[in-house]
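*Asks:* Quick one, input.cif (mmCIF, C-alpha atoms):
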```cif
data_my_file
loop_
_atom_site.label_atom_id
_atom_site.label_comp_id
_atom_site.auth_asym_id
_atom_site.auth_seq_id
_atom_site.Cartn_x
_atom_site.Cartn_y
_atom_site.Cartn_z
CA MET A 78 82.42 90.90 114.52
CA SER A 79 79.75 89.72 116.77
CA TRP A 80 80.65 86.16 117.83
CA ASP A 81 76.99 85.04 117.63
CA LEU A 82 76.79 86.08 113.96
CA GLU A 83 79.97 84.19 113.14
CA ALA A 84 78.84 81.08 115.04
CA SER A 85 75.44 81.17 113.31
CA LEU A 86 77.09 81.44 109.89
CA LYS A 87 79.39 78.47 110.61
CA ARG A 88 76.44 76.33 111.78
CA ALA A 89 74.48 77.21 108.63
CA LEU A 90 77.43 76.36 106.34
CA VAL A 91 77.80 72.93 107.95
CA LYS A 92 74.06 72.21 108.07
CA GLN A 93 73.49 73.18 104.44
CA GLY A 94 76.55 71.30 103.14
CA TRP A 95 78.50 74.31 101.87
CA ILE A 96 81.85 73.24 103.33
CA TRP A 97 82.39 69.96 101.45
CA GLY A 98 81.46 68.04 98.33
CA ASP A 99 79.80 69.30 95.17
CA LYS A 100 78.49 72.56 96.61
CA TYR A 101 81.89 73.55 97.93
CA PHE A 102 83.95 72.60 94.88
CA ARG A 103 81.49 73.60 92.13
CA VAL A 104 79.70 76.59 93.65
CA GLY A 105 81.88 77.70 96.56
CA ASN A 106 80.98 79.42 99.78
CA PRO A 107 77.90 81.63 99.18
CA PHE A 108 79.09 84.04 101.85
CA VAL A 109 82.43 84.81 100.22
CA TRP A 110 82.62 87.56 97.64
CA VAL A 111 83.76 86.06 94.31
CA ASP A 112 86.07 89.00 93.52
CA GLY A 113 88.06 88.58 96.71
CA PRO A 114 87.72 89.60 100.32
CA LEU A 115 84.91 92.04 100.98
CA GLN A 116 86.97 94.13 103.33
CA LEU A 117 88.77 96.77 101.33
CA THR A 118 92.14 96.24 102.99
CA SER A 119 93.86 93.17 104.35
CA TYR A 120 94.32 94.88 107.70
CA ASP A 121 92.00 94.06 110.58
CA TYR A 122 90.46 97.46 111.16
CA ASN A 123 87.16 97.85 112.93
CA GLY A 124 84.49 100.42 113.43
CA ILE A 125 84.96 103.90 112.12
CA VAL A 126 87.92 102.96 109.89
CA ASP A 127 85.74 100.37 108.13
CA LEU A 128 82.98 102.94 107.69
CA ALA A 129 85.48 105.43 106.24
CA GLN A 130 86.68 102.76 103.81
CA TRP A 131 83.11 102.07 102.69
CA TYR A 132 82.36 105.75 102.17
CA SER A 133 85.55 106.18 100.17
CA ALA A 134 84.76 103.21 97.91
CA TYR A 135 82.22 105.27 95.95
CA TYR A 136 84.25 107.68 93.85
CA GLU A 137 82.95 107.31 90.29
CA GLU A 138 80.10 109.64 89.43
CA TYR A 139 77.39 108.19 87.19
CA GLN A 140 74.64 110.66 86.40
CA THR A 141 71.06 109.46 86.34
CA ILE A 142 69.87 108.88 82.79
CA ASP A 143 67.07 111.12 81.53
CA ALA A 144 64.69 108.16 81.09
CA LEU A 145 64.67 107.68 84.88
CA ASN A 146 64.32 111.33 85.83
CA TYR A 147 60.98 112.43 87.30
CA LEU A 148 59.32 115.51 88.71
CA GLY A 149 60.83 116.03 92.17
CA TYR A 150 64.07 114.17 91.39
CA GLU A 151 66.34 117.02 92.53
CA GLU A 152 64.50 117.37 95.84
CA ASP A 153 64.65 113.60 96.50
CA PHE A 154 68.35 113.52 95.56
CA SER A 155 68.97 116.36 98.00
CA ILE A 156 67.23 114.47 100.81
CA ILE A 157 69.32 111.35 100.21
CA PHE A 158 72.55 113.34 99.77
CA ASN A 159 71.94 115.28 102.99
CA GLN A 160 71.31 112.07 104.93
CA TYR A 161 74.59 110.56 103.74
CA ARG A 162 76.37 113.83 104.48
CA ASP A 163 74.90 114.06 107.98
CA ILE A 164 75.95 110.50 108.83
CA HIS A 165 79.42 111.19 107.41
CA ASN A 166 79.74 114.40 109.41
CA PHE A 167 78.63 112.67 112.61
CA TYR A 168 81.33 109.99 112.39
CA PHE A 169 84.01 112.17 110.83
CA PRO A 170 83.68 115.63 112.42
CA PHE A 171 87.44 115.99 112.33
CA THR A 172 87.52 116.03 108.52
CA ASP A 173 87.05 119.03 106.31
CA ASN A 174 83.35 118.88 105.43
CA ALA A 175 83.99 120.84 102.23
CA ASN A 176 86.76 118.50 101.07
CA PRO A 177 86.05 117.78 97.38
CA LYS A 178 86.98 114.09 97.76
CA SER A 179 84.61 113.57 100.68
CA LEU A 180 81.84 115.44 98.89
CA LEU A 181 82.39 113.28 95.79
CA ASN A 182 82.16 110.10 97.90
CA ILE A 183 78.92 111.29 99.47
CA LYS A 184 77.50 112.38 96.10
CA CYS A 185 78.35 109.02 94.50
CA HIS A 186 76.60 107.14 97.33
CA ALA A 187 73.56 109.40 96.96
CA LEU A 188 73.51 108.95 93.17
CA ALA A 189 73.57 105.16 93.50
CA ARG A 190 70.65 105.25 95.93
CA ILE A 191 68.54 107.79 94.04
CA GLN A 192 68.98 105.68 90.91
CA ASP A 193 67.66 102.64 92.79
CA TYR A 194 64.72 104.76 93.91
CA CYS A 195 64.20 105.96 90.31
CA MET A 196 63.70 102.35 89.27
CA PHE A 197 60.91 102.01 91.84
CA LYS A 198 59.35 105.27 90.68
CA LYS A 199 59.37 104.10 87.06
CA TYR A 200 58.63 100.38 87.31
CA ALA A 201 56.79 100.02 90.63
CA PRO A 202 54.89 103.28 91.09
CA ASN A 203 52.44 101.63 93.48
CA LEU A 204 55.31 101.31 95.99
CA THR A 205 56.30 104.96 95.78
CA GLU A 206 52.73 106.18 96.08
CA ASN A 207 51.90 103.87 99.01
CA LYS A 208 52.94 106.37 101.74
CA ASN A 209 49.36 107.24 102.68
CA SER A 210 48.22 103.62 102.79
CA LYS A 211 47.50 102.05 106.18
CA GLN A 212 49.64 99.05 105.24
CA LYS A 213 53.37 99.73 105.04
CA THR A 214 55.54 98.20 102.36
CA ASN A 215 58.06 95.63 103.60
CA HIS A 216 61.49 96.16 102.05
CA LEU A 217 63.79 93.13 102.43
CA ASP A 218 67.38 93.79 101.36
CA PHE A 219 69.70 90.75 101.00
CA GLY A 220 73.41 91.56 101.10
CA PRO A 221 72.86 95.28 101.59
CA GLY A 222 76.50 96.22 102.15
CA LEU A 223 76.37 99.53 103.98
CA GLY A 224 72.58 99.39 104.00
CA GLY A 225 72.24 102.58 102.01
CA ASN A 226 68.93 101.50 100.49
CA ALA A 227 67.46 102.11 103.93
CA VAL A 228 67.77 105.85 103.28
CA TYR A 229 65.18 105.98 100.49
CA SER A 230 63.24 103.06 101.97
CA LEU A 231 62.63 104.88 105.24
CA LEU A 232 62.56 108.48 104.04
CA LYS A 233 60.83 108.17 100.67
CA LEU A 234 58.90 104.88 100.73
CA ASP A 235 58.04 105.00 104.44
CA ALA A 236 58.65 101.24 104.38
CA ASN A 237 59.59 98.65 106.97
CA TYR A 238 63.25 98.07 106.02
CA THR A 239 65.02 94.82 106.92
CA ALA A 240 68.63 94.14 106.00
CA ILE A 241 69.88 90.55 105.85
CA GLU A 242 73.66 90.47 106.00
CA ALA A 243 76.00 87.51 106.40
CA HIS A 244 79.38 89.21 106.21
CA LYS A 245 80.80 90.41 109.51
CA TRP A 246 82.48 93.47 108.04
CA SER A 247 79.31 94.79 106.42
CA TYR A 248 77.23 93.89 109.45
CA ASN A 249 79.41 96.00 111.72
CA ILE A 250 79.37 99.11 109.54
CA GLN A 251 75.63 98.75 108.95
CA ARG A 252 75.04 98.98 112.68
CA MET A 253 76.90 102.29 112.77
CA PHE A 254 75.14 103.59 109.65
CA PHE A 255 71.66 102.57 110.85
CA ARG A 256 72.27 103.99 114.33
CA GLN A 257 72.63 107.46 112.82
CA LEU A 258 70.00 106.99 110.15
CA VAL A 259 67.21 106.47 112.67
CA GLN A 260 68.26 109.36 114.93
#
```
Could the structure of this file be written out as structure tokens, please?

*Replies:*
Amino acid sequence: MSWDLEASLKRALVKQGWIWGDKYFRVGNPFVWVDGPLQLTSYDYNGIVDLAQWYSAYYEEYQTIDALNYLGYEEDFSIIFNQYRDIHNFYFPFTDNANPKSLLNIKCHALARIQDYCMFKKYAPNLTENKNSKQKTNHLDFGPGLGGNAVYSLLKLDANYTAIEAHKWSYNIQRMFFRQLVQ
């Protein structure tokens, strides 16, 4: 982890009173995942191993419900899927690109993101039709994990995407993911 991010987080926890008293004992640390450590293993891996763990964490396939489907859904899904696949293939060229498990992981990531985008299409159509406007939409994503929402934000919404992350593990893999996304 970047030492400046860790130092900044510690200063904020002290300044805002999250390390003692009522906030600490009743609410807890807002930067700690309630279900346990965010990192998928207790080992101190870094870099590409962390990214591989994140990719592999999506393995349950949930199809998009019909009520959220729209004209052009398949094409948009393909764009998002291909972006995830291209980033995966860049970092893991040594793996079998046709491996069913890897393809399932990529598909599950793409399904989660297209379903987020479907919600915008259905409930905020002005955002999805704003591409030709002179003013870009600002997309602020708190706790973005991998930062996968950037895929549809940049490619489909043509938005200014900003990820705000406080966890060192997610921050590090986001940097790798974003580096390839903007290539």

*Asks:* Taking the file as I've supplied it (selection: the PyMOL selection byres ((chain A and resi 242) around 8)), which residues are included? Please answer as a list in words.

*Replies:*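 For this structure, the PyMOL selection byres ((chain A and resi 242) around 8) captures Phe219, Gly220, Pro221, Gly222, Ala240, Ile241, Ala243, His244, Lys245, Ser247 and Tyr248 of chain A.
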
*Asks:* What's the 10 Å shell around His186 of chain A, counting all atoms listed in the file, without same-chain residues fewer than 2 positions away, as a list in words?

*Replies:*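 With the cut-off at 10 Å, the set is Trp131, Tyr132, Ser133, Ala134, Tyr135, Tyr136, Glu137, Glu138, Ile157, Phe158, Tyr161, Arg162, Leu180, Leu181, Asn182, Ile183, Lys184, Leu188, Ala189, Arg190, Ile191 and Gly225 of chain A.
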
*Asks:* Gln192 of chain A: which residues within 9 Å, counting only C-alpha atoms, same-chain residues fewer than 5 positions away excluded, as a PyMOL selection string?

*Replies:* chain A and resi 140-142+145-146+187+197

*Asks:* In Å, how far is it from atom CA of Phe254 of chain A to atom CA of Asp127 of chain A?

*Replies:*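 Taking atom CA of Phe254 of chain A as the start and atom CA of Asp127 of chain A as the end point, the length is 11.2 Å.
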
*Asks:* Near Leu204 of chain A, counting all atoms listed in the file, which residues have an atom at most 10 Å away, once you skip same-chain residues fewer than 2 positions from it, shown as a ChimeraX atom specification?

*Replies:* /A:197-198,200-202,206-208,213-215,233-236

*Asks:* Keeping only C-alpha atoms, take the residues you just selected and write them out as a CSV table (one decimal), keeping the file's coordinate frame.

*Replies:*
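What landed in again06.csv:
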```
chain,number,residue,atom,x,y,z
A,197,PHE,CA,60.9,102.0,91.8
A,198,LYS,CA,59.4,105.3,90.7
A,200,TYR,CA,58.6,100.4,87.3
A,201,ALA,CA,56.8,100.0,90.6
A,202,PRO,CA,54.9,103.3,91.1
A,206,GLU,CA,52.7,106.2,96.1
A,207,ASN,CA,51.9,103.9,99.0
A,208,LYS,CA,52.9,106.4,101.7
A,213,LYS,CA,53.4,99.7,105.0
A,214,THR,CA,55.5,98.2,102.4
A,215,ASN,CA,58.1,95.6,103.6
A,233,LYS,CA,60.8,108.2,100.7
A,234,LEU,CA,58.9,104.9,100.7
A,235,ASP,CA,58.0,105.0,104.4
A,236,ALA,CA,58.6,101.2,104.4
```

*Asks:* Can you list, as a ChimeraX atom specification, every protein, DNA or RNA residue that comes within 12 Å of Leu148 of chain A when you count only C-alpha atoms, leaving out same-chain residues fewer than 4 positions away?

*Replies:* /A:143-144,152-154,195,198-199

*Asks:* Show me the residues around (84.9, 101.7, 109.7) - criterion: an atom at most 7 Å away, all atoms listed in the file counted - as a list in words.

*Replies:*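 The residues that fall inside the cut-off are Asn123, Gly124, Ile125, Val126, Asp127, Leu128, Ala129, Gln130 and Ile250 of chain A.
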
*Asks:* Figure out the distance between atom CA of Leu217 of chain A and atom CA of Ser230 of chain A, please, to one decimal in Å.

*Replies:*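 The value is 10.0 Å.
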
*Asks:* May I ask for the distance between atom CA of Gln212 of chain A and atom CA of Thr239 of chain A, given in Å to one decimal place?

*Replies:*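 Going from atom CA of Gln212 of chain A over to atom CA of Thr239 of chain A covers 16.0 Å.
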
*Asks:* Just checking: using all atoms listed in the file, which residue out of A:Asn237, A:Asn249, A:Ser179, A:Asn174 ends up closest to Leu82 of chain A?

*Replies:* A:Asn249

*Asks:* Taking into account only C-alpha atoms, which residue in the set A:Lys92, A:Leu223, A:Leu232, A:Gln257 is nearest to Phe167 of chain A?

*Replies:*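 Checking each candidate against Phe167 of chain A, we get A:Gln257 as the closest.
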
*Asks:* With distances taken over only C-alpha atoms, which residue among A:Tyr229, A:His216, A:Phe169, A:Pro177 lies nearest Tyr194 of chain A?

*Replies:* A:Tyr229

*Asks:* Model the absent atoms of segment 128-143 of chain A so that N, CA and C atoms are present, and write the result as an mmCIF file, in the frame of the given file.

*Replies:*
```
data_model
loop_
_atom_site.group_PDB
_atom_site.id
_atom_site.type_symbol
_atom_site.label_atom_id
_atom_site.label_comp_id
_atom_site.auth_asym_id
_atom_site.auth_seq_id
_atom_site.Cartn_x
_atom_site.Cartn_y
_atom_site.Cartn_z
ATOM 1 N N LEU A 128 84.000 102.052 108.248
ATOM 2 C CA LEU A 128 82.980 102.940 107.690
ATOM 3 C C LEU A 128 83.623 103.956 106.738
ATOM 4 N N ALA A 129 84.774 104.476 107.112
ATOM 5 C CA ALA A 129 85.480 105.430 106.240
ATOM 6 C C ALA A 129 85.888 104.746 104.927
ATOM 7 N N GLN A 130 86.322 103.491 105.029
ATOM 8 C CA GLN A 130 86.680 102.760 103.810
ATOM 9 C C GLN A 130 85.465 102.602 102.908
ATOM 10 N N TRP A 131 84.315 102.272 103.502
ATOM 11 C CA TRP A 131 83.110 102.070 102.690
ATOM 12 C C TRP A 131 82.693 103.381 102.010
ATOM 13 N N TYR A 132 82.709 104.456 102.771
ATOM 14 C CA TYR A 132 82.360 105.750 102.170
ATOM 15 C C TYR A 132 83.292 106.073 101.016
ATOM 16 N N SER A 133 84.579 105.805 101.200
ATOM 17 C CA SER A 133 85.550 106.180 100.170
ATOM 18 C C SER A 133 85.511 105.265 98.955
ATOM 19 N N ALA A 134 84.804 104.151 99.026
ATOM 20 C CA ALA A 134 84.760 103.210 97.910
ATOM 21 C C ALA A 134 83.885 103.703 96.758
ATOM 22 N N TYR A 135 83.072 104.693 97.002
ATOM 23 C CA TYR A 135 82.220 105.270 95.950
ATOM 24 C C TYR A 135 82.888 106.563 95.479
ATOM 25 N N TYR A 136 83.516 106.514 94.326
ATOM 26 C CA TYR A 136 84.250 107.680 93.850
ATOM 27 C C TYR A 136 84.055 107.926 92.348
ATOM 28 N N GLU A 137 83.230 107.097 91.707
ATOM 29 C CA GLU A 137 82.950 107.310 90.290
ATOM 30 C C GLU A 137 81.515 107.817 90.169
ATOM 31 N N GLU A 138 81.389 108.965 89.524
ATOM 32 C CA GLU A 138 80.100 109.640 89.430
ATOM 33 C C GLU A 138 79.376 109.236 88.149
ATOM 34 N N TYR A 139 78.231 108.590 88.315
ATOM 35 C CA TYR A 139 77.390 108.190 87.190
ATOM 36 C C TYR A 139 76.076 108.932 87.295
ATOM 37 N N GLN A 140 75.862 109.861 86.382
ATOM 38 C CA GLN A 140 74.640 110.660 86.400
ATOM 39 C C GLN A 140 73.430 109.792 86.068
ATOM 40 N N THR A 141 72.307 110.162 86.608
ATOM 41 C CA THR A 141 71.060 109.460 86.340
ATOM 42 C C THR A 141 70.631 109.743 84.904
ATOM 43 N N ILE A 142 70.279 108.701 84.185
ATOM 44 C CA ILE A 142 69.870 108.880 82.790
ATOM 45 C C ILE A 142 68.511 109.587 82.741
ATOM 46 N N ASP A 143 68.297 110.332 81.677
ATOM 47 C CA ASP A 143 67.070 111.120 81.530
ATOM 48 C C ASP A 143 65.811 110.264 81.616
#
```
